[in-house]
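Shown here: query16.cif, mmCIF, C-alpha atoms; chains and numbers go by the auth columns.
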```
data_run
loop_
_atom_site.group_PDB
_atom_site.id
_atom_site.type_symbol
_atom_site.label_atom_id
_atom_site.label_comp_id
_atom_site.label_asym_id
_atom_site.label_seq_id
_atom_site.Cartn_x
_atom_site.Cartn_y
_atom_site.Cartn_z
_atom_site.B_iso_or_equiv
_atom_site.auth_seq_id
_atom_site.auth_asym_id
ATOM 1 C CA MET A 1 63.165 78.053 85.043 0.00 903 C
ATOM 2 C CA SER A 2 66.550 79.283 86.262 0.00 904 C
ATOM 3 C CA LYS A 3 68.531 77.125 88.652 0.00 905 C
ATOM 4 C CA ASP A 4 69.517 78.285 92.137 0.00 906 C
ATOM 5 C CA TYR A 5 73.222 77.757 92.794 0.00 907 C
ATOM 6 C CA HIS A 6 72.631 77.718 96.565 0.00 908 C
ATOM 7 C CA THR A 7 70.495 74.566 96.434 0.00 909 C
ATOM 8 C CA GLU A 8 71.368 72.922 93.113 0.00 910 C
ATOM 9 C CA ASN A 9 75.106 73.442 92.639 0.00 911 C
ATOM 10 C CA LYS A 10 76.968 70.731 94.543 0.00 912 C
ATOM 11 C CA SER A 11 80.274 72.564 94.976 0.00 913 C
ATOM 12 C CA PHE A 12 81.991 75.921 95.308 0.00 914 C
ATOM 13 C CA ALA A 13 85.589 76.970 94.627 0.00 915 C
ATOM 14 C CA ILE A 14 88.274 77.843 97.174 0.00 916 C
ATOM 15 C CA TYR A 15 91.014 80.036 95.700 0.00 917 C
ATOM 16 C CA LYS A 16 94.725 79.997 96.483 0.00 918 C
ATOM 17 C CA ASP A 17 94.851 83.745 97.116 0.00 919 C
ATOM 18 C CA TRP A 18 92.567 83.217 100.125 0.00 920 C
ATOM 19 C CA GLU A 19 95.523 81.729 102.016 0.00 921 C
ATOM 20 C CA GLU A 20 96.670 85.117 103.315 0.00 922 C
ATOM 21 C CA LEU A 21 93.156 85.810 104.625 0.00 923 C
ATOM 22 C CA PHE A 22 93.128 82.502 106.514 0.00 924 C
ATOM 23 C CA ASP A 23 96.622 83.180 107.855 0.00 925 C
ATOM 24 C CA ALA A 24 95.381 86.433 109.429 0.00 926 C
ATOM 25 C CA LEU A 25 92.917 84.456 111.604 0.00 927 C
ATOM 26 C CA ASP A 26 93.372 82.154 114.563 0.00 928 C
ATOM 27 C CA ASP A 27 92.102 78.565 114.525 0.00 929 C
ATOM 28 C CA SER A 28 88.758 79.349 116.169 0.00 930 C
ATOM 29 C CA GLU A 29 88.064 82.144 113.660 0.00 931 C
ATOM 30 C CA VAL A 30 88.990 79.885 110.746 0.00 932 C
ATOM 31 C CA SER A 31 86.476 77.321 111.992 0.00 933 C
ATOM 32 C CA LYS A 32 83.733 79.955 112.212 0.00 934 C
ATOM 33 C CA LEU A 33 84.608 81.265 108.755 0.00 935 C
ATOM 34 C CA VAL A 34 84.488 77.857 107.080 0.00 936 C
ATOM 35 C CA LYS A 35 81.085 77.075 108.649 0.00 937 C
ATOM 36 C CA ALA A 36 79.778 80.482 107.539 0.00 938 C
ATOM 37 C CA LEU A 37 80.975 79.879 103.965 0.00 939 C
ATOM 38 C CA PHE A 38 79.142 76.553 103.773 0.00 940 C
ATOM 39 C CA ALA A 39 75.997 78.150 105.211 0.00 941 C
ATOM 40 C CA PHE A 40 76.121 80.831 102.537 0.00 942 C
ATOM 41 C CA ALA A 41 77.011 78.516 99.651 0.00 943 C
ATOM 42 C CA LYS A 42 74.299 75.944 100.486 0.00 944 C
ATOM 43 C CA ARG A 43 71.489 78.102 101.882 0.00 945 C
ATOM 44 C CA GLY A 44 72.355 81.742 101.160 0.00 946 C
ATOM 45 C CA GLU A 45 72.727 82.509 104.889 0.00 947 C
ATOM 46 C CA GLU A 46 74.968 85.476 105.724 0.00 948 C
ATOM 47 C CA THR A 47 76.796 85.604 109.075 0.00 949 C
ATOM 48 C CA GLU A 48 77.727 88.889 110.745 0.00 950 C
ATOM 49 C CA PHE A 49 81.391 89.218 111.705 0.00 951 C
ATOM 50 C CA SER A 50 83.756 92.054 112.640 0.00 952 C
ATOM 51 C CA GLY A 51 87.408 92.936 112.070 0.00 953 C
ATOM 52 C CA ALA A 52 89.628 90.669 109.989 0.00 954 C
ATOM 53 C CA LEU A 53 87.011 87.915 110.067 0.00 955 C
ATOM 54 C CA LYS A 54 84.495 90.266 108.433 0.00 956 C
ATOM 55 C CA ILE A 55 86.938 91.200 105.660 0.00 957 C
ATOM 56 C CA ALA A 56 87.724 87.551 104.940 0.00 958 C
ATOM 57 C CA PHE A 57 84.053 86.512 104.887 0.00 959 C
ATOM 58 C CA ILE A 58 82.965 89.354 102.588 0.00 960 C
ATOM 59 C CA THR A 59 85.795 88.634 100.138 0.00 961 C
ATOM 60 C CA MET A 60 85.075 84.905 99.972 0.00 962 C
ATOM 61 C CA LYS A 61 81.289 85.321 99.973 0.00 963 C
ATOM 62 C CA ASN A 62 81.455 87.688 97.001 0.00 964 C
ATOM 63 C CA ALA A 63 83.608 85.207 95.071 0.00 965 C
ATOM 64 C CA ILE A 64 81.186 82.344 95.816 0.00 966 C
ATOM 65 C CA GLU A 65 78.238 84.482 94.753 0.00 967 C
ATOM 66 C CA ARG A 66 79.982 85.607 91.557 0.00 968 C
ATOM 67 C CA ASP A 67 80.853 82.001 90.633 0.00 969 C
ATOM 68 C CA GLY A 68 77.311 80.888 91.493 0.00 970 C
ATOM 69 C CA LYS A 69 75.715 83.466 89.185 0.00 971 C
ATOM 70 C CA LYS A 70 78.004 82.379 86.360 0.00 972 C
ATOM 71 C CA TRP A 71 76.975 78.757 86.997 0.00 973 C
ATOM 72 C CA GLU A 72 73.290 79.722 86.791 0.00 974 C
ATOM 73 C CA GLN A 73 73.865 81.617 83.529 0.00 975 C
ATOM 74 C CA LYS A 74 75.731 78.643 82.072 0.00 976 C
ATOM 75 C CA CYS A 75 72.867 76.309 83.002 0.00 977 C
ATOM 76 C CA ASP A 76 70.372 78.668 81.327 0.00 978 C
ATOM 77 C CA ARG A 77 72.479 78.805 78.146 0.00 979 C
ATOM 78 C CA ASN A 78 72.829 75.006 78.071 0.00 980 C
ATOM 79 C CA ALA A 79 69.077 74.587 78.497 0.00 981 C
ATOM 80 C CA VAL A 80 68.326 76.992 75.635 0.00 982 C
ATOM 81 C CA ASN A 81 70.939 75.400 73.372 0.00 983 C
ATOM 82 C CA GLY A 82 69.587 71.954 74.200 0.00 984 C
ATOM 83 C CA ARG A 83 66.056 72.942 73.187 0.00 985 C
ATOM 84 C CA LYS A 84 67.311 74.547 69.975 0.00 986 C
ATOM 85 C CA GLY A 85 69.417 71.493 69.130 0.00 987 C
ATOM 86 C CA GLY A 86 66.491 69.126 69.623 0.00 988 C
ATOM 87 C CA LEU A 87 64.192 71.159 67.403 0.00 989 C
ATOM 88 C CA THR A 88 66.859 71.461 64.691 0.00 990 C
ATOM 89 C CA LYS A 89 67.509 67.707 64.565 0.00 991 C
ATOM 90 C CA GLN A 90 63.802 66.952 64.407 0.00 992 C
ATOM 91 C CA ALA A 91 63.265 69.444 61.578 0.00 993 C
ATOM 92 C CA ASN A 92 66.259 68.168 59.603 0.00 994 C
ATOM 93 C CA ALA A 93 65.189 64.549 59.956 0.00 995 C
ATOM 94 C CA THR A 94 61.678 65.385 58.734 0.00 996 C
ATOM 95 C CA GLU A 95 63.035 67.296 55.731 0.00 997 C
ATOM 96 C CA CYS A 96 65.424 64.485 54.765 0.00 998 C
ATOM 97 C CA TYR A 97 62.602 61.940 54.973 0.00 999 C
ATOM 98 C CA ARG A 98 60.389 64.076 52.710 0.00 1000 C
ATOM 99 C CA THR A 99 63.177 64.440 50.104 0.00 1001 C
ATOM 100 C CA LEU A 100 64.676 60.978 50.599 0.00 1002 C
ATOM 101 C CA PRO A 101 65.456 60.335 46.865 0.00 1003 C
ATOM 102 C CA LYS A 102 67.724 63.409 46.870 0.00 1004 C
ATOM 103 C CA CYS A 103 69.867 62.138 49.762 0.00 1005 C
ATOM 104 C CA SER A 104 73.325 60.920 48.766 0.00 1006 C
ATOM 105 C CA ASN A 105 72.781 57.660 50.640 0.00 1007 C
ATOM 106 C CA PRO A 106 69.100 56.671 51.060 0.00 1008 C
ATOM 107 C CA LYS A 107 70.112 53.809 53.379 0.00 1009 C
ATOM 108 C CA GLN A 108 71.860 56.120 55.814 0.00 1010 C
ATOM 109 C CA PRO A 109 69.953 56.357 59.128 0.00 1011 C
ATOM 110 C CA LEU A 110 67.874 59.496 59.429 0.00 1012 C
ATOM 111 C CA ALA A 111 69.451 60.332 62.790 0.00 1013 C
ATOM 112 C CA ASN A 112 72.924 60.479 61.228 0.00 1014 C
ATOM 113 C CA LEU A 113 71.677 62.684 58.417 0.00 1015 C
ATOM 114 C CA ALA A 114 70.088 65.005 60.958 0.00 1016 C
ATOM 115 C CA ASP A 115 73.345 65.220 62.900 0.00 1017 C
ATOM 116 C CA LYS A 116 75.258 66.049 59.710 0.00 1018 C
ATOM 117 C CA ASP A 117 72.847 68.831 58.818 0.00 1019 C
ATOM 118 C CA THR A 118 72.942 70.198 62.348 0.00 1020 C
ATOM 119 C CA ASP A 119 76.739 70.384 62.282 0.00 1021 C
ATOM 120 C CA THR A 120 76.526 72.316 59.021 0.00 1022 C
ATOM 121 C CA GLU A 121 74.163 74.796 60.613 0.00 1023 C
ATOM 122 C CA LYS A 122 76.514 75.181 63.579 0.00 1024 C
ATOM 123 C CA ASP A 123 79.403 75.910 61.205 0.00 1025 C
ATOM 124 C CA LYS A 124 77.361 78.667 59.621 0.00 1026 C
ATOM 125 C CA ASP A 125 76.861 80.244 63.039 0.00 1027 C
ATOM 126 C CA ILE A 126 80.571 80.054 63.916 0.00 1028 C
ATOM 127 C CA ILE A 127 81.931 81.496 60.638 0.00 1029 C
ATOM 128 C CA PRO A 128 81.109 85.217 60.491 0.00 1030 C
ATOM 129 C CA PRO A 129 79.497 86.439 57.257 0.00 1031 C
ATOM 130 C CA ILE A 130 81.813 88.128 54.739 0.00 1032 C
ATOM 131 C CA PRO A 131 80.864 91.811 54.419 0.00 1033 C
ATOM 132 C CA PRO A 132 80.098 93.188 50.941 0.00 1034 C
ATOM 133 C CA LYS A 133 83.071 94.520 48.986 0.00 1035 C
ATOM 134 C CA GLY A 134 84.084 97.965 50.166 0.00 1036 C
ATOM 135 C CA GLU A 135 82.455 97.623 53.589 0.00 1037 C
ATOM 136 C CA LYS A 136 84.387 97.085 56.807 0.00 1038 C
ATOM 137 C CA PRO A 137 83.339 94.327 59.216 0.00 1039 C
ATOM 138 C CA VAL A 138 81.345 95.492 62.198 0.00 1040 C
ATOM 139 C CA LYS A 139 83.469 95.420 65.342 0.00 1041 C
ATOM 140 C CA LYS A 140 82.133 94.534 68.744 0.00 1042 C
ATOM 141 C CA PRO A 141 81.646 97.690 70.831 0.00 1043 C
ATOM 142 C CA VAL A 142 84.423 98.260 73.345 0.00 1044 C
ATOM 143 C CA SER A 143 81.850 98.770 76.096 0.00 1045 C
ATOM 144 C CA ASP A 144 80.764 95.103 75.807 0.00 1046 C
ATOM 145 C CA SER A 145 84.235 93.522 75.970 0.00 1047 C
ATOM 146 C CA PHE A 146 84.407 92.880 79.724 0.00 1048 C
ATOM 147 C CA SER A 147 80.960 94.113 80.782 0.00 1049 C
ATOM 148 C CA GLU A 148 80.160 91.146 83.042 0.00 1050 C
ATOM 149 C CA SER A 149 83.299 91.342 85.184 0.00 1051 C
ATOM 150 C CA PHE A 150 83.218 95.160 85.134 0.00 1052 C
ATOM 151 C CA ASN A 151 79.708 95.109 86.586 0.00 1053 C
ATOM 152 C CA ASP A 152 81.045 93.116 89.555 0.00 1054 C
ATOM 153 C CA PHE A 153 83.754 95.744 90.071 0.00 1055 C
ATOM 154 C CA TRP A 154 81.359 98.675 89.654 0.00 1056 C
ATOM 155 C CA LYS A 155 78.896 97.162 92.111 0.00 1057 C
ATOM 156 C CA ALA A 156 81.645 96.793 94.734 0.00 1058 C
ATOM 157 C CA TYR A 157 83.383 100.168 94.260 0.00 1059 C
ATOM 158 C CA PRO A 158 82.105 102.724 96.808 0.00 1060 C
ATOM 159 C CA LYS A 159 82.535 105.907 94.695 0.00 1061 C
ATOM 160 C CA LYS A 160 80.399 105.538 91.574 0.00 1062 C
ATOM 161 C CA VAL A 161 81.549 108.411 89.346 0.00 1063 C
ATOM 162 C CA SER A 162 82.819 108.622 85.736 0.00 1064 C
ATOM 163 C CA LYS A 163 81.618 105.152 84.807 0.00 1065 C
ATOM 164 C CA THR A 164 82.666 105.541 81.161 0.00 1066 C
ATOM 165 C CA SER A 165 86.260 106.338 82.155 0.00 1067 C
ATOM 166 C CA ALA A 166 86.262 103.421 84.576 0.00 1068 C
ATOM 167 C CA LEU A 167 85.028 101.028 81.860 0.00 1069 C
ATOM 168 C CA LYS A 168 87.771 102.220 79.488 0.00 1070 C
ATOM 169 C CA ALA A 169 90.376 101.591 82.189 0.00 1071 C
ATOM 170 C CA TRP A 170 88.879 98.131 82.845 0.00 1072 C
ATOM 171 C CA ASN A 171 88.930 97.183 79.159 0.00 1073 C
ATOM 172 C CA LYS A 172 92.515 98.410 78.933 0.00 1074 C
ATOM 173 C CA LEU A 173 93.486 95.983 81.716 0.00 1075 C
ATOM 174 C CA LYS A 174 91.699 93.044 80.033 0.00 1076 C
ATOM 175 C CA PRO A 175 91.550 91.189 83.375 0.00 1077 C
ATOM 176 C CA ASP A 176 91.194 87.412 83.412 0.00 1078 C
ATOM 177 C CA ASP A 177 89.283 85.587 86.177 0.00 1079 C
ATOM 178 C CA SER A 178 92.346 85.426 88.428 0.00 1080 C
ATOM 179 C CA LEU A 179 93.014 89.171 88.184 0.00 1081 C
ATOM 180 C CA VAL A 180 89.332 89.972 88.725 0.00 1082 C
ATOM 181 C CA ARG A 181 89.406 88.008 91.985 0.00 1083 C
ATOM 182 C CA GLU A 182 92.624 89.763 93.032 0.00 1084 C
ATOM 183 C CA ILE A 183 91.143 93.212 92.288 0.00 1085 C
ATOM 184 C CA LEU A 184 87.870 92.549 94.118 0.00 1086 C
ATOM 185 C CA SER A 185 89.674 91.012 97.095 0.00 1087 C
ATOM 186 C CA ALA A 186 91.982 94.027 97.455 0.00 1088 C
ATOM 187 C CA LEU A 187 89.037 96.392 97.005 0.00 1089 C
ATOM 188 C CA GLU A 188 87.175 94.817 99.925 0.00 1090 C
ATOM 189 C CA ARG A 189 90.244 95.259 102.149 0.00 1091 C
ATOM 190 C CA GLN A 190 90.790 98.881 101.149 0.00 1092 C
ATOM 191 C CA LYS A 191 87.126 99.723 101.714 0.00 1093 C
ATOM 192 C CA MET A 192 87.681 98.843 105.384 0.00 1094 C
ATOM 193 C CA SER A 193 90.671 101.202 105.742 0.00 1095 C
ATOM 194 C CA VAL A 194 90.530 104.404 107.786 0.00 1096 C
ATOM 195 C CA GLN A 195 91.670 106.396 104.757 0.00 1097 C
ATOM 196 C CA TRP A 196 88.629 105.388 102.725 0.00 1098 C
ATOM 197 C CA GLN A 197 86.086 105.629 105.523 0.00 1099 C
ATOM 198 C CA LYS A 198 86.905 109.057 106.954 0.00 1100 C
ATOM 199 C CA ASP A 199 85.033 112.210 105.913 0.00 1101 C
ATOM 200 C CA ASN A 200 82.296 110.145 104.257 0.00 1102 C
ATOM 201 C CA GLY A 201 84.696 108.714 101.691 0.00 1103 C
ATOM 202 C CA GLN A 202 86.004 112.082 100.507 0.00 1104 C
ATOM 203 C CA PHE A 203 89.479 110.680 99.893 0.00 1105 C
ATOM 204 C CA ILE A 204 88.413 107.613 97.907 0.00 1106 C
ATOM 205 C CA PRO A 205 89.938 107.952 94.407 0.00 1107 C
ATOM 206 C CA TYR A 206 87.826 107.845 91.278 0.00 1108 C
ATOM 207 C CA PRO A 207 87.416 104.222 90.064 0.00 1109 C
ATOM 208 C CA ALA A 208 89.305 104.984 86.813 0.00 1110 C
ATOM 209 C CA THR A 209 92.149 106.511 88.807 0.00 1111 C
ATOM 210 C CA TRP A 210 92.246 103.468 91.092 0.00 1112 C
ATOM 211 C CA LEU A 211 92.391 101.087 88.139 0.00 1113 C
ATOM 212 C CA ASN A 212 94.920 103.052 86.078 0.00 1114 C
ATOM 213 C CA GLY A 213 97.177 103.345 89.117 0.00 1115 C
ATOM 214 C CA ARG A 214 96.882 99.594 89.837 0.00 1116 C
ATOM 215 C CA ARG A 215 95.902 100.487 93.403 0.00 1117 C
ATOM 216 C CA TRP A 216 94.808 96.918 94.139 0.00 1118 C
ATOM 217 C CA GLU A 217 98.506 96.042 94.373 0.00 1119 C
ATOM 218 C CA TYR A 218 98.924 98.245 97.460 0.00 1120 C
ATOM 219 C CA GLU A 219 99.409 96.309 100.680 0.00 1121 C
ATOM 220 C CA GLN A 220 96.693 96.759 103.277 0.00 1122 C
ATOM 221 C CA GLN A 221 99.092 98.546 105.640 0.00 1123 C
ATOM 222 C CA ALA A 222 100.021 101.025 102.934 0.00 1124 C
ATOM 223 C CA VAL A 223 96.398 102.029 102.346 0.00 1125 C
ATOM 224 C CA SER A 224 96.132 103.789 105.701 0.00 1126 C
ATOM 225 C CA GLN A 225 99.347 105.707 104.948 0.00 1127 C
ATOM 226 C CA MET A 226 98.331 106.971 101.487 0.00 1128 C
ATOM 227 C CA PRO A 227 98.478 110.784 100.973 0.00 1129 C
ATOM 228 C CA ASP A 228 95.204 112.635 101.462 0.00 1130 C
ATOM 229 C CA TYR A 229 94.465 113.246 97.781 0.00 1131 C
ATOM 230 C CA SER A 230 90.831 114.122 97.274 0.00 1132 C
ATOM 231 C CA TYR A 231 90.369 112.979 93.678 0.00 1133 C
ATOM 232 C CA GLY A 232 87.514 114.561 91.812 0.00 1134 C
ATOM 233 C CA THR A 233 86.297 116.883 94.555 0.00 1135 C
ATOM 234 C CA GLN A 234 86.263 119.733 92.040 0.00 1136 C
ATOM 235 C CA GLY A 235 84.558 117.613 89.391 0.00 1137 C
ATOM 236 C CA VAL A 236 87.839 116.612 87.695 0.00 1138 C
ATOM 237 C CA ASP A 237 88.849 112.972 87.214 0.00 1139 C
ATOM 238 C CA TYR A 238 92.630 112.630 87.504 0.00 1140 C
ATOM 239 C CA LEU A 239 93.681 109.825 85.192 0.00 1141 C
#
```

Could you quickly redo this structure as structure tokens?
Amino acid sequence: MSKDYHTENKSFAIYKDWEELFDALDDSEVSKLVKALFAFAKRGEETEFSGALKIAFITMKNAIERDGKKWEQKCDRNAVNGRKGGLTKQANATECYRTLPKCSNPKQPLANLADKDTDTEKDKDIIPPIPPKGEKPVKKPVSDSFSESFNDFWKAYPKKVSKTSALKAWNKLKPDDSLVREILSALERQKMSVQWQKDNGQFIPYPATWLNGRRWEYEQQAVSQMPDYSYGTQGVDYL
């Protein structure tokens, strides 16, 4: 059964790039924000805010949720690996006992022999098989390289068009966890801008265009002053 990060994870991360969000608030708003973050992290409760406080809460809440989902996935993987490891050791110990005269050291404890065999099996999993002569090794599809972090970006981006082009741009960036947080944080701020909200989002650039142009590096003040380019309104994605 999957774990719930709200009730079972005892901590959540606070990132250094949140400092500018806290600086934009007064002391009373900071107090409200911190209490709201704990309520969300521990119980999944979402508090309604407005203005700068809303932007800060959404940005931090999304980061907590993203980290929480990764924690749950890690727990699931550890549970599966633990069950597999236990079964492998038991099977190896039984096999060694049945063929005890063939063991190099019959006096060696069965548990140690099982561990040795298990490590050998792990090595087989780590070392990729050598392809037959004349055949090229199978490469991992590009679309899977950063699929998990890209899904977070795609979920947050308001104009969902040309997903393939957006994924190519994302894989080209090869963002680490720090850059992913920076991109998602800037995206939440720009979504609140007048430029992106007017005319039902007509002037929101295509996601691939936004990524290729490194638009997350724009300051919040600059977003409202961006030229009125309506990317893709004629069905063309400007990359």

When the PyMOL selection byres ((chain C and resi 926) around 12) is applied to the structure above, which residues does it catch, written out as a CSV table (one decimal) with C-alpha atoms, in the frame of the given file?
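Okay, this is what ended up in part_34.csv:
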```
chain,number,residue,atom,x,y,z
C,920,TRP,CA,92.6,83.2,100.1
C,921,GLU,CA,95.5,81.7,102.0
C,922,GLU,CA,96.7,85.1,103.3
C,923,LEU,CA,93.2,85.8,104.6
C,924,PHE,CA,93.1,82.5,106.5
C,925,ASP,CA,96.6,83.2,107.9
C,927,LEU,CA,92.9,84.5,111.6
C,928,ASP,CA,93.4,82.2,114.6
C,929,ASP,CA,92.1,78.6,114.5
C,930,SER,CA,88.8,79.3,116.2
C,931,GLU,CA,88.1,82.1,113.7
C,932,VAL,CA,89.0,79.9,110.7
C,935,LEU,CA,84.6,81.3,108.8
C,953,GLY,CA,87.4,92.9,112.1
C,954,ALA,CA,89.6,90.7,110.0
C,955,LEU,CA,87.0,87.9,110.1
C,956,LYS,CA,84.5,90.3,108.4
C,957,ILE,CA,86.9,91.2,105.7
C,958,ALA,CA,87.7,87.6,104.9
```

Using all atoms listed in the file, find the one residue out of C:Phe1052, C:Trp1112, C:Phe940, C:Trp1072 that sits nearest to Ile916 of chain C.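 Among C:Phe1052, C:Trp1112, C:Phe940, C:Trp1072, it is C:Phe940 that comes nearest to Ile916 of chain C.
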
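Pairwise distance (atom CA of Thr961 of chain C, atom CA of Arg1083 of chain C) equals 8.9 Å.
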
As an NGL selection string, please: the residues near Leu1069 of chain C (cut-off 8 Å, only C-alpha atoms, same-chain neighbours under 2 positions excluded). :C and (1045 or 1052 or 1065-1067 or 1071-1073 or 1110)

May I have the residues within 12 Å of Ala941 of chain C as a PyMOL selection string, using all atoms listed in the file and disregarding those fewer than 4 positions away in the same chain? chain C and resi 908-909+914+934-937+945-949+959+963+966

Identify all residues satisfying the PyMOL selection byres ((chain C and resi 1119) around 10) in the given file; provide them as a CSV table (one decimal) with C-alpha atoms, in the frame of the given file.
```
chain,number,residue,atom,x,y,z
C,1084,GLU,CA,92.6,89.8,93.0
C,1085,ILE,CA,91.1,93.2,92.3
C,1088,ALA,CA,92.0,94.0,97.5
C,1089,LEU,CA,89.0,96.4,97.0
C,1115,GLY,CA,97.2,103.3,89.1
C,1116,ARG,CA,96.9,99.6,89.8
C,1117,ARG,CA,95.9,100.5,93.4
C,1118,TRP,CA,94.8,96.9,94.1
C,1120,TYR,CA,98.9,98.2,97.5
C,1121,GLU,CA,99.4,96.3,100.7
C,1122,GLN,CA,96.7,96.8,103.3
```

Go through C:Ala965, C:Ala1058, C:Val982, C:Val1063 and flag the residue nearest Ser1080 of chain C, using all atoms listed in the file for the distances.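 Smallest separation from Ser1080 of chain C among the options: C:Ala965.
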
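Taking atom CA of Trp1056 of chain C and atom CA of Ala915 of chain C as endpoints, the distance between them is 22.7 Å.
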
Using atom CA of Glu1090 of chain C and atom CA of Met962 of chain C as the two end points, give the distance in Å to one decimal.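 Here the two named atoms are 10.1 Å from each other.
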
Taking every listed atom of segment 981-985 of chain C and adding 5 Å to each side, what centre and edge lengths in Å (one decimal) does the axis-aligned box have, as lines of an AutoDock Vina configuration file?
```
center_x = 68.5
center_y = 74.5
center_z = 75.8
size_x = 14.9
size_y = 15.0
size_z = 15.3
```

Counting all atoms listed in the file, figure out which residue out of C:Ile960, C:Ala981, C:Gly970, C:Trp1098 gets nearest to Ser913 of chain C. C:Gly970

Any idea what's packed within 9 Å of Tyr1059 of chain C, counting only C-alpha atoms, ignoring anything in its chain fewer than 2 positions away? Could you give it as a compact mmCIF listing (two decimals) with C-alpha atoms, in the frame of the given file?
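See out_33.txt below for the written result:
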```txt
# COMPACT_ATOMS: atom_id res chain seq x y z
CA ASP C 1054 81.04 93.12 89.56
CA PHE C 1055 83.75 95.74 90.07
CA TRP C 1056 81.36 98.68 89.65
CA LYS C 1057 78.90 97.16 92.11
CA LYS C 1061 82.54 105.91 94.70
CA LYS C 1062 80.40 105.54 91.57
CA LEU C 1086 87.87 92.55 94.12
CA LEU C 1089 89.04 96.39 97.00
CA GLU C 1090 87.18 94.82 99.92
CA LYS C 1093 87.13 99.72 101.71
CA PRO C 1109 87.42 104.22 90.06
```

Apply the PyMOL selection byres ((chain C and resi 974) around 8) to the file shown and report the selected residues as a PyMOL selection string. chain C and resi 904-907+970-973+975-978

Closest of C:Ser952, C:Asn1114, C:Asn980, C:Ser1087 to Lys1074 of chain C - atom-to-atom distances counting only C-alpha atoms: C:Asn1114
